[in-house]
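Trainee: Contents of start-v2.txt (compact mmCIF, C-alpha atoms):
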# COMPACT_ATOMS: atom_id res chain seq x y z
CA MET A 1 83.71 148.60 86.03
CA LYS A 2 82.81 151.91 84.46
CA SER A 3 81.51 151.68 80.88
CA SER A 4 83.03 153.90 78.21
CA ASP A 5 80.90 156.32 76.22
CA GLN A 6 81.32 154.07 73.18
CA GLU A 7 79.38 151.33 74.96
CA ILE A 8 76.40 153.55 75.79
CA CYS A 9 73.97 154.47 73.02
CA GLY A 10 71.73 157.49 73.23
CA SER A 11 69.05 155.63 71.29
CA ILE A 12 68.38 152.04 70.22
CA ILE A 13 68.45 153.33 66.61
CA GLU A 14 72.23 153.71 66.96
CA ARG A 15 72.45 149.90 67.00
CA ILE A 16 71.28 149.64 63.40
CA GLY A 17 74.03 148.46 61.06
CA ASN A 18 77.68 147.45 61.49
CA THR A 19 76.65 143.81 61.64
CA PRO A 20 79.25 141.00 61.49
CA LEU A 21 80.20 138.61 58.72
CA VAL A 22 80.28 134.92 59.65
CA GLU A 23 81.93 132.21 57.54
CA LEU A 24 79.76 129.17 56.88
CA ARG A 25 81.57 125.86 57.26
CA ARG A 26 79.36 122.81 57.69
CA VAL A 27 76.76 123.40 54.95
CA VAL A 28 79.43 124.40 52.41
CA PRO A 29 80.92 121.59 50.26
CA ASP A 30 84.68 121.15 49.78
CA ASP A 31 84.68 122.31 46.15
CA CYS A 32 83.08 125.66 47.03
CA ALA A 33 84.26 129.23 47.51
CA ARG A 34 84.31 130.70 51.00
CA ILE A 35 80.73 131.73 51.88
CA LEU A 36 80.35 134.73 54.20
CA LEU A 37 76.98 135.58 55.76
CA LYS A 38 76.13 139.16 56.75
CA VAL A 39 74.32 138.61 60.05
CA GLU A 40 71.51 141.17 59.88
CA SER A 41 69.70 139.51 62.78
CA GLU A 42 72.02 141.65 64.93
CA ASN A 43 69.89 144.72 64.14
CA PRO A 44 67.42 145.79 66.87
CA THR A 45 64.35 144.03 65.44
CA GLY A 46 66.38 141.10 64.13
CA SER A 47 66.13 142.15 60.48
CA MET A 48 68.01 144.01 57.75
CA LYS A 49 64.81 146.00 57.20
CA ASP A 50 65.73 148.24 60.15
CA ARG A 51 68.22 149.86 57.77
CA MET A 52 65.73 150.69 55.05
CA ALA A 53 62.95 151.73 57.43
CA LEU A 54 65.24 154.28 59.06
CA ALA A 55 66.43 155.56 55.67
CA MET A 56 62.88 156.08 54.39
CA ILE A 57 61.77 157.84 57.57
CA GLU A 58 64.85 160.09 57.77
CA ALA A 59 64.52 161.11 54.11
CA ALA A 60 60.87 162.04 54.68
CA GLU A 61 61.74 163.99 57.82
CA ALA A 62 64.46 165.87 55.95
CA ASP A 63 62.23 167.06 53.09
CA GLY A 64 59.09 167.67 55.14
CA ARG A 65 56.93 164.78 53.96
CA LEU A 66 56.83 163.57 57.57
CA GLN A 67 56.21 166.11 60.33
CA PRO A 68 56.66 165.67 64.12
CA GLY A 69 53.82 163.59 65.55
CA GLY A 70 52.95 162.35 62.06
CA HIS A 71 51.38 159.14 60.83
CA VAL A 72 53.18 156.44 58.76
CA ILE A 73 51.47 153.91 56.49
CA GLU A 74 52.93 150.83 54.76
CA TYR A 75 52.02 147.45 53.21
CA THR A 76 54.39 144.66 54.15
CA GLY A 77 55.15 140.96 54.36
CA GLY A 78 56.12 141.66 57.93
CA SER A 79 59.74 142.58 58.53
CA THR A 80 59.49 146.03 56.93
CA GLY A 81 56.37 146.65 58.98
CA VAL A 82 58.11 145.58 62.17
CA SER A 83 61.05 147.86 61.39
CA LEU A 84 58.82 150.82 60.57
CA ALA A 85 56.74 150.28 63.71
CA PHE A 86 59.99 150.17 65.69
CA ILE A 87 61.28 153.43 64.18
CA CYS A 88 57.89 155.06 64.74
CA ALA A 89 57.96 154.01 68.41
CA VAL A 90 61.36 155.66 68.82
CA ARG A 91 60.46 158.82 66.89
CA ARG A 92 56.92 159.06 68.36
CA TYR A 93 54.94 158.62 65.15
CA THR A 94 51.78 156.53 64.83
CA ALA A 95 51.77 153.69 62.29
CA SER A 96 49.17 151.87 60.20
CA ILE A 97 50.48 148.65 58.69
CA VAL A 98 48.74 146.55 56.03
CA THR A 99 49.84 142.92 56.10
CA SER A 100 48.38 139.45 55.57
CA ASP A 101 47.77 136.08 57.19
CA ALA A 102 50.21 134.77 54.57
CA PHE A 103 53.01 135.99 56.83
CA SER A 104 54.10 134.78 60.22
CA LEU A 105 52.14 135.45 63.39
CA GLU A 106 55.37 136.49 65.12
CA LYS A 107 55.83 139.42 62.77
CA ARG A 108 52.25 140.59 63.25
CA ASN A 109 52.59 140.37 67.02
CA GLN A 110 55.89 142.27 66.92
CA MET A 111 54.30 145.10 64.91
CA LYS A 112 51.46 145.34 67.42
CA ALA A 113 53.93 145.33 70.32
CA PHE A 114 55.56 148.46 68.86
CA GLY A 115 52.13 150.12 68.74
CA ALA A 116 51.17 149.72 65.07
CA GLU A 117 47.54 149.41 63.99
CA LEU A 118 47.22 146.42 61.63
CA THR A 119 44.96 145.77 58.66
CA ILE A 120 45.01 142.08 57.72
CA ILE A 121 44.35 141.08 54.09
CA PRO A 122 43.33 137.41 53.65
CA SER A 123 45.63 135.32 51.45
CA PRO A 124 44.99 132.45 49.03
CA GLU A 125 46.24 129.29 50.79
CA GLY A 126 48.63 131.30 52.95
CA LYS A 127 50.90 132.19 50.01
CA THR A 128 52.26 135.37 48.43
CA THR A 129 50.72 136.16 45.04
CA GLU A 130 50.53 139.17 42.76
CA GLY A 131 46.88 139.62 43.71
CA LEU A 132 47.69 139.67 47.41
CA THR A 133 50.49 142.20 46.96
CA ARG A 134 48.31 144.51 44.89
CA ALA A 135 45.43 144.22 47.39
CA MET A 136 47.79 145.23 50.21
CA ILE A 137 49.09 148.18 48.18
CA GLU A 138 45.52 149.32 47.45
CA ALA A 139 44.55 149.10 51.12
CA ALA A 140 47.61 151.10 52.18
CA GLY A 141 46.81 153.75 49.57
CA GLU A 142 43.29 154.07 50.88
CA ILE A 143 44.51 154.54 54.46
CA ALA A 144 47.01 157.16 53.30
CA ALA A 145 44.27 159.03 51.45
CA GLU A 146 41.92 158.89 54.43
CA THR A 147 44.48 159.94 57.05
CA GLY A 148 46.76 162.23 55.06
CA GLY A 149 49.70 160.36 56.56
CA PHE A 150 53.08 159.59 55.04
CA TRP A 151 52.99 156.42 52.92
CA THR A 152 56.47 154.92 52.69
CA ASP A 153 55.41 152.78 49.67
CA GLN A 154 58.44 150.50 49.89
CA LEU A 155 58.24 148.89 46.44
CA ALA A 156 58.57 152.31 44.80
CA ASN A 157 60.64 154.24 47.37
CA PRO A 158 64.26 154.81 46.27
CA ASP A 159 65.25 156.39 49.61
CA GLN A 160 65.95 152.92 51.01
CA ILE A 161 68.75 152.18 48.53
CA ALA A 162 71.12 154.47 50.45
CA ALA A 163 70.75 152.18 53.48
CA TYR A 164 71.96 149.21 51.47
CA ARG A 165 74.85 151.15 49.98
CA LYS A 166 75.98 151.55 53.59
CA MET A 167 75.72 147.79 53.99
CA GLY A 168 77.88 147.38 50.89
CA ASP A 169 80.43 149.75 52.40
CA GLU A 170 80.48 147.62 55.56
CA ILE A 171 81.01 144.42 53.56
CA SER A 172 83.81 146.02 51.55
CA ARG A 173 85.53 147.18 54.71
CA GLN A 174 85.14 143.81 56.42
CA THR A 175 86.58 141.92 53.44
CA ASP A 176 89.17 144.51 52.33
CA GLY A 177 87.18 144.71 49.10
CA ARG A 178 87.91 141.09 48.20
CA VAL A 179 84.48 139.83 47.22
CA ASP A 180 84.13 137.72 44.07
CA GLY A 181 80.42 137.05 44.29
CA PHE A 182 77.36 138.65 45.88
CA VAL A 183 74.00 136.90 46.21
CA ALA A 184 70.69 138.32 47.49
CA MET A 185 66.99 137.54 47.34
CA THR A 186 64.83 140.29 45.84
CA GLY A 187 61.73 141.91 47.35
CA THR A 188 61.86 145.64 46.79
CA THR A 189 65.22 144.78 45.08
CA ALA A 190 66.92 147.66 46.96
CA CYS A 191 69.16 145.41 49.07
CA PHE A 192 70.52 143.67 46.01
CA GLN A 193 71.01 146.86 44.02
CA GLY A 194 72.56 148.99 46.76
CA ASN A 195 75.08 146.33 47.74
CA ALA A 196 75.91 145.35 44.17
CA GLU A 197 76.57 148.97 43.22
CA VAL A 198 79.09 149.47 46.02
CA LEU A 199 80.78 146.06 45.79
CA ARG A 200 81.27 146.48 42.04
CA ARG A 201 83.22 149.69 42.64
CA HIS A 202 85.76 147.69 44.63
CA ASN A 203 85.83 144.74 42.20
CA PRO A 204 84.48 145.38 38.70
CA GLU A 205 84.74 141.63 38.02
CA ILE A 206 82.39 140.63 40.84
CA HIS A 207 79.49 138.35 39.91
CA CYS A 208 76.22 139.68 41.37
CA MET A 209 73.32 137.20 41.47
CA ALA A 210 69.75 138.36 42.15
CA ILE A 211 67.39 135.65 43.39
CA GLU A 212 63.64 135.28 43.10
CA PRO A 213 61.20 132.50 44.06
CA ALA A 214 61.14 129.65 41.53
CA GLU A 215 57.35 129.60 41.81
CA SER A 216 57.12 133.24 40.66
CA PRO A 217 60.17 134.04 38.46
CA VAL A 218 58.92 137.35 37.05
CA LEU A 219 62.26 139.20 36.98
CA SER A 220 63.59 136.63 34.54
CA GLY A 221 60.47 136.80 32.38
CA GLY A 222 58.59 133.85 33.87
CA PRO A 223 54.98 133.61 35.03
CA SER A 224 53.67 135.07 38.27
CA GLY A 225 52.84 132.44 40.87
CA ALA A 226 52.35 131.67 44.55
CA HIS A 227 55.18 130.99 47.04
CA LYS A 228 56.04 130.97 50.75
CA ILE A 229 59.39 132.81 50.86
CA GLU A 230 58.27 135.75 52.96
CA GLY A 231 59.40 139.25 52.02
CA THR A 232 60.35 138.36 48.45
CA GLY A 233 58.72 137.87 45.07
CA ALA A 234 55.92 140.45 44.87
CA GLY A 235 54.50 138.62 41.83
CA PHE A 236 55.29 141.41 39.36
CA VAL A 237 58.33 143.43 38.32
CA VAL A 238 58.60 146.05 41.05
CA PRO A 239 59.22 149.74 40.22
CA LEU A 240 62.69 149.90 41.78
CA TRP A 241 64.11 146.99 39.78
CA ARG A 242 67.04 147.77 37.47
CA PRO A 243 68.07 144.64 35.51
CA GLU A 244 71.48 146.07 34.65
CA ALA A 245 72.47 145.69 38.32
CA ALA A 246 72.46 141.89 38.01
CA ASP A 247 74.96 139.67 36.22
CA GLU A 248 72.53 136.82 36.72
CA ILE A 249 68.96 136.24 37.90
CA ALA A 250 68.48 132.87 39.57
CA ALA A 251 65.50 131.11 41.14
CA VAL A 252 65.14 129.11 44.34
CA SER A 253 62.10 127.12 45.41
CA THR A 254 60.25 127.55 48.68
CA GLU A 255 61.13 123.99 49.68
CA GLU A 256 64.85 124.51 48.95
CA ALA A 257 64.84 127.69 51.02
CA MET A 258 63.04 126.07 53.95
CA ALA A 259 65.28 123.01 53.87
CA MET A 260 68.39 125.21 54.03
CA CYS A 261 66.90 127.15 56.97
CA ARG A 262 66.66 123.88 58.87
CA ARG A 263 70.19 122.89 57.91
CA LEU A 264 71.59 126.25 58.99
CA ALA A 265 69.95 125.87 62.40
CA ALA A 266 70.98 122.24 62.92
CA GLU A 267 74.48 122.36 61.40
CA GLU A 268 75.71 125.95 61.76
CA ALA A 269 73.57 127.00 64.78
CA ILE A 270 72.37 129.94 62.67
CA PHE A 271 68.65 130.52 63.18
CA ALA A 272 67.33 132.35 60.13
CA GLY A 273 64.27 132.96 57.98
CA THR A 274 63.25 131.63 54.59
CA SER A 275 64.87 134.34 52.46
CA THR A 276 68.18 133.58 54.18
CA GLY A 277 67.79 129.92 53.30
CA GLY A 278 67.28 130.87 49.66
CA ASN A 279 70.31 133.15 49.77
CA VAL A 280 72.56 130.40 51.08
CA VAL A 281 71.32 127.81 48.56
CA LYS A 282 72.25 130.04 45.64
CA ALA A 283 75.45 131.38 47.26
CA ILE A 284 76.70 127.79 47.45
CA GLU A 285 75.69 127.24 43.83
CA LEU A 286 77.68 130.31 42.75
CA GLY A 287 80.52 129.39 45.09
CA ARG A 288 80.94 126.00 43.46
CA ARG A 289 81.20 127.68 40.06
CA LEU A 290 83.77 130.22 41.28
CA GLY A 291 85.81 127.62 43.16
CA PRO A 292 87.65 127.36 46.50
CA GLY A 293 89.88 130.40 45.99
CA ALA A 294 86.96 132.83 45.76
CA THR A 295 84.78 134.62 48.34
CA VAL A 296 80.99 134.90 48.06
CA VAL A 297 78.95 137.15 50.38
CA THR A 298 75.24 136.76 51.03
CA ILE A 299 72.75 138.08 53.58
CA MET A 300 71.16 136.64 56.71
CA CYS A 301 68.05 138.78 56.25
CA ASP A 302 66.37 138.13 59.59
CA THR A 303 66.14 135.87 62.60
CA GLY A 304 64.31 132.56 62.65
CA LEU A 305 62.48 133.77 65.76
CA LYS A 306 60.11 135.50 63.33
CA TYR A 307 59.10 132.11 61.86
CA LEU A 308 58.46 129.85 64.85
CA SER A 309 54.75 129.43 64.02
CA THR A 310 55.35 128.64 60.34
CA VAL A 311 56.06 125.33 58.60
CA VAL A 312 59.74 126.30 58.46
CA TYR A 313 60.34 125.47 62.12
CA GLY A 314 56.92 124.49 63.46
CA GLU A 315 54.79 121.45 62.76
CA ARG A 316 55.05 120.37 59.12
CA PRO A 317 52.35 118.52 57.16
Write the structure described by the file as structure tokens, please.
Mentor:
Amino acid sequence: MKSSDQEICGSIIERIGNTPLVELRRVVPDDCARILLKVESENPTGSMKDRMALAMIEAAEADGRLQPGGHVIEYTGGSTGVSLAFICAVRRYTASIVTSDAFSLEKRNQMKAFGAELTIIPSPEGKTTEGLTRAMIEAAGEIAAETGGFWTDQLANPDQIAAYRKMGDEISRQTDGRVDGFVAMTGTTACFQGNAEVLRRHNPEIHCMAIEPAESPVLSGGPSGAHKIEGTGAGFVVPLWRPEAADEIAAVSTEEAMAMCRRLAAEEAIFAGTSTGGNVVKAIELGRRLGPGATVVTIMCDTGLKYLSTVVYGERP
């Protein structure tokens, strides 16, 4: 059988986006709204961060910050680094990634497989803290200064928000604009803000809930602390955060997020990471408040294959 042109991509980058929505059934109680999960594990590296990595690189190419054959630098909990290393491999840039042993071995190995050079910052007890985040930022800044490369600086880079507006457009199209609630964990906060902005245009009454780790609830004015929900909760209020985007800021604990990851795998056959577990916990909470006639959308941020060596799916103490 001859394939049509629509089935043949000129580049793997063309497979970023247009991911499906899946309705959760077994983990959702009877008194809850319909919960729809945006399955971002369908992106090439198994993460929604492919969207934002491409947006940051393309914006820098367009305005000359990144030249052909250039060098890209970033600090990351892992998935952003994987996505940037992936984009750099396609576009033929070199990449220096600052990360930590607080994050999964799978992510570090995936970055190296795409050709990135890694700098590993030791972590306190394998957890994300404000001190760790700031140490990673400092190390990335030093590499950028030494090499003269392009530093994407994800916590302060607004170019990524456009990528998540596109995700919001996809969700609106897939649901005919009928979304009553939107829930998302916050790292750079761009995913939450970009989606919320677009979804609110279609339904001004939508309830948009931003989530942060319960152990480090800084967006809601709490103390900075240590947690194990990778890719979220930098430990301080990040530069991109705009509180007016959220109708509510909620917190989820590391243990709640991990427990939901295990439930999703065992009951829904959805193999996801810790931020996804946190998303689903709070989406169900909001869904029970909105009731069975409503629709709540949340994000499957990445695949559980990135967490096989962690306590989420591996040996637990």
Trainee: Kindly indicate which residue among A:Leu66, A:Leu199, A:Ala116, A:Leu37 lies nearest to A:Ala89, using all atoms listed in the file for the distances.
Mentor: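 Counting all atoms listed in the file, the residue closest to A:Ala89 is A:Ala116.
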Trainee: Using all atoms listed in the file, which protein or nucleic acid residues come within 8 Å of stretch 212-221 of chain A? Drop anything in the same chain fewer than 3 positions from it, and give the result as a list in words.
Mentor: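 In the requested format, the answer is Met185, Thr186, Ser224, Gly225, Ala226, His227, Ile229, Thr232, Gly233, Gly235, Phe236, Val237, Ile249, Ala250, Ala251, Val252, Ser253 and Thr254 of chain A.
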Trainee: Quick one, how far is atom CA of A:Glu74 from atom CA of A:Ala140?
Mentor: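 Answer for the atom CA of A:Glu74 to atom CA of A:Ala140 separation: 5.9 Å.
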Trainee: Quick one: distance from atom CA of A:Arg134 to atom CA of A:Asn157 in Å, one decimal?
Mentor: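 Computed distance, atom CA of A:Arg134 to atom CA of A:Asn157, equals 15.9 Å.
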Trainee: Within 9 Å of A:Glu267, counting all atoms listed in the file, which residues qualify if same-chain residues fewer than 3 places away don't, as a list in words?
Mentor: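 The neighbour list is Arg25, Arg26, Val27, Arg262, Arg263, Leu264 and Ile270 of chain A.
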Trainee: Nearest to A:Met258: which of A:Thr152, A:Ser11, A:Thr276, A:Thr298 is it, counting all atoms listed in the file?
Mentor: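 Answer, going by the shortest atom-to-atom distance: A:Thr276.
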Trainee: Near stretch 102-109 of chain A, counting only C-alpha atoms, which residues have an atom at most 9 Å away, once you skip same-chain residues fewer than 3 positions from it, shown as an mmCIF file with C-alpha atoms, in the coordinates of the input?
Mentor:
data_model
loop_
_atom_site.group_PDB
_atom_site.id
_atom_site.type_symbol
_atom_site.label_atom_id
_atom_site.label_comp_id
_atom_site.auth_asym_id
_atom_site.auth_seq_id
_atom_site.Cartn_x
_atom_site.Cartn_y
_atom_site.Cartn_z
ATOM 1 C CA GLY A 77 55.150 140.960 54.360
ATOM 2 C CA GLY A 78 56.120 141.660 57.930
ATOM 3 C CA SER A 79 59.740 142.580 58.530
ATOM 4 C CA GLY A 81 56.370 146.650 58.980
ATOM 5 C CA VAL A 82 58.110 145.580 62.170
ATOM 6 C CA THR A 99 49.840 142.920 56.100
ATOM 7 C CA LYS A 112 51.460 145.340 67.420
ATOM 8 C CA ALA A 113 53.930 145.330 70.320
ATOM 9 C CA PHE A 114 55.560 148.460 68.860
ATOM 10 C CA LEU A 118 47.220 146.420 61.630
ATOM 11 C CA ILE A 121 44.350 141.080 54.090
ATOM 12 C CA PRO A 122 43.330 137.410 53.650
ATOM 13 C CA SER A 123 45.630 135.320 51.450
ATOM 14 C CA PRO A 124 44.990 132.450 49.030
ATOM 15 C CA GLU A 125 46.240 129.290 50.790
ATOM 16 C CA GLY A 126 48.630 131.300 52.950
ATOM 17 C CA LYS A 127 50.900 132.190 50.010
ATOM 18 C CA THR A 128 52.260 135.370 48.430
ATOM 19 C CA LYS A 228 56.040 130.970 50.750
ATOM 20 C CA GLU A 230 58.270 135.750 52.960
ATOM 21 C CA GLY A 231 59.400 139.250 52.020
ATOM 22 C CA LEU A 305 62.480 133.770 65.760
ATOM 23 C CA LYS A 306 60.110 135.500 63.330
ATOM 24 C CA TYR A 307 59.100 132.110 61.860
ATOM 25 C CA LEU A 308 58.460 129.850 64.850
ATOM 26 C CA SER A 309 54.750 129.430 64.020
ATOM 27 C CA THR A 310 55.350 128.640 60.340
#
Trainee: Between atom CA of A:Ser96 and atom CA of A:Leu240, measure the distance and give it in Å to one decimal.
Mentor: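 Computing the Euclidean distance for atom CA of A:Ser96 and atom CA of A:Leu240 yields 22.9 Å.
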Trainee: Considering all atoms listed in the file, return as a short mmCIF file (atom, residue, chain, number, x, y, z; two decimals) with C-alpha atoms, in the coordinates of the input whatever protein or nucleic-acid residues lie within 12 Å of A:Thr147, sequence-local ones (same chain, fewer than 6 positions apart) excluded.
Mentor:
data_model
loop_
_atom_site.label_atom_id
_atom_site.label_comp_id
_atom_site.auth_asym_id
_atom_site.auth_seq_id
_atom_site.Cartn_x
_atom_site.Cartn_y
_atom_site.Cartn_z
CA GLY A 70 52.95 162.35 62.06
CA HIS A 71 51.38 159.14 60.83
CA VAL A 72 53.18 156.44 58.76
CA ILE A 73 51.47 153.91 56.49
CA THR A 94 51.78 156.53 64.83
CA ALA A 95 51.77 153.69 62.29
CA SER A 96 49.17 151.87 60.20
CA ALA A 140 47.61 151.10 52.18
CA GLY A 141 46.81 153.75 49.57
#
Trainee: I need the residue nearest A:Ala272 from this list: A:Asp63, A:Asp30, A:Asp169, A:Glu42. Use all atoms listed in the file for the distance.
Mentor: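 Ranking A:Asp63, A:Asp30, A:Asp169, A:Glu42 by distance to A:Ala272, first place goes to A:Glu42.
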Trainee: Please determine, counting all atoms listed in the file, which residue among A:Arg200, A:Arg92, A:Arg242, A:Lys166 has the shortest atom-to-atom distance to A:Val179.
Mentor: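 For A:Val179, the nearest of the candidates is A:Arg200.
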Trainee: For the point (63.2, 146.4, 61.7) in the file's frame, write as a list of chain:residue names all residues with an atom no more than 6 Å away, counting only C-alpha atoms.
Mentor: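 Residues satisfying the cut-off, written out: A:Thr45, A:Ser47, A:Lys49, A:Asp50, A:Val82, A:Ser83.
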Trainee: Restricting the calculation to all atoms listed in the file, which member of A:Ala257, A:Tyr93, A:Glu244, A:His202 is positioned closest to A:Arg173?
Mentor: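 Distance minimum relative to A:Arg173 lands on A:His202.
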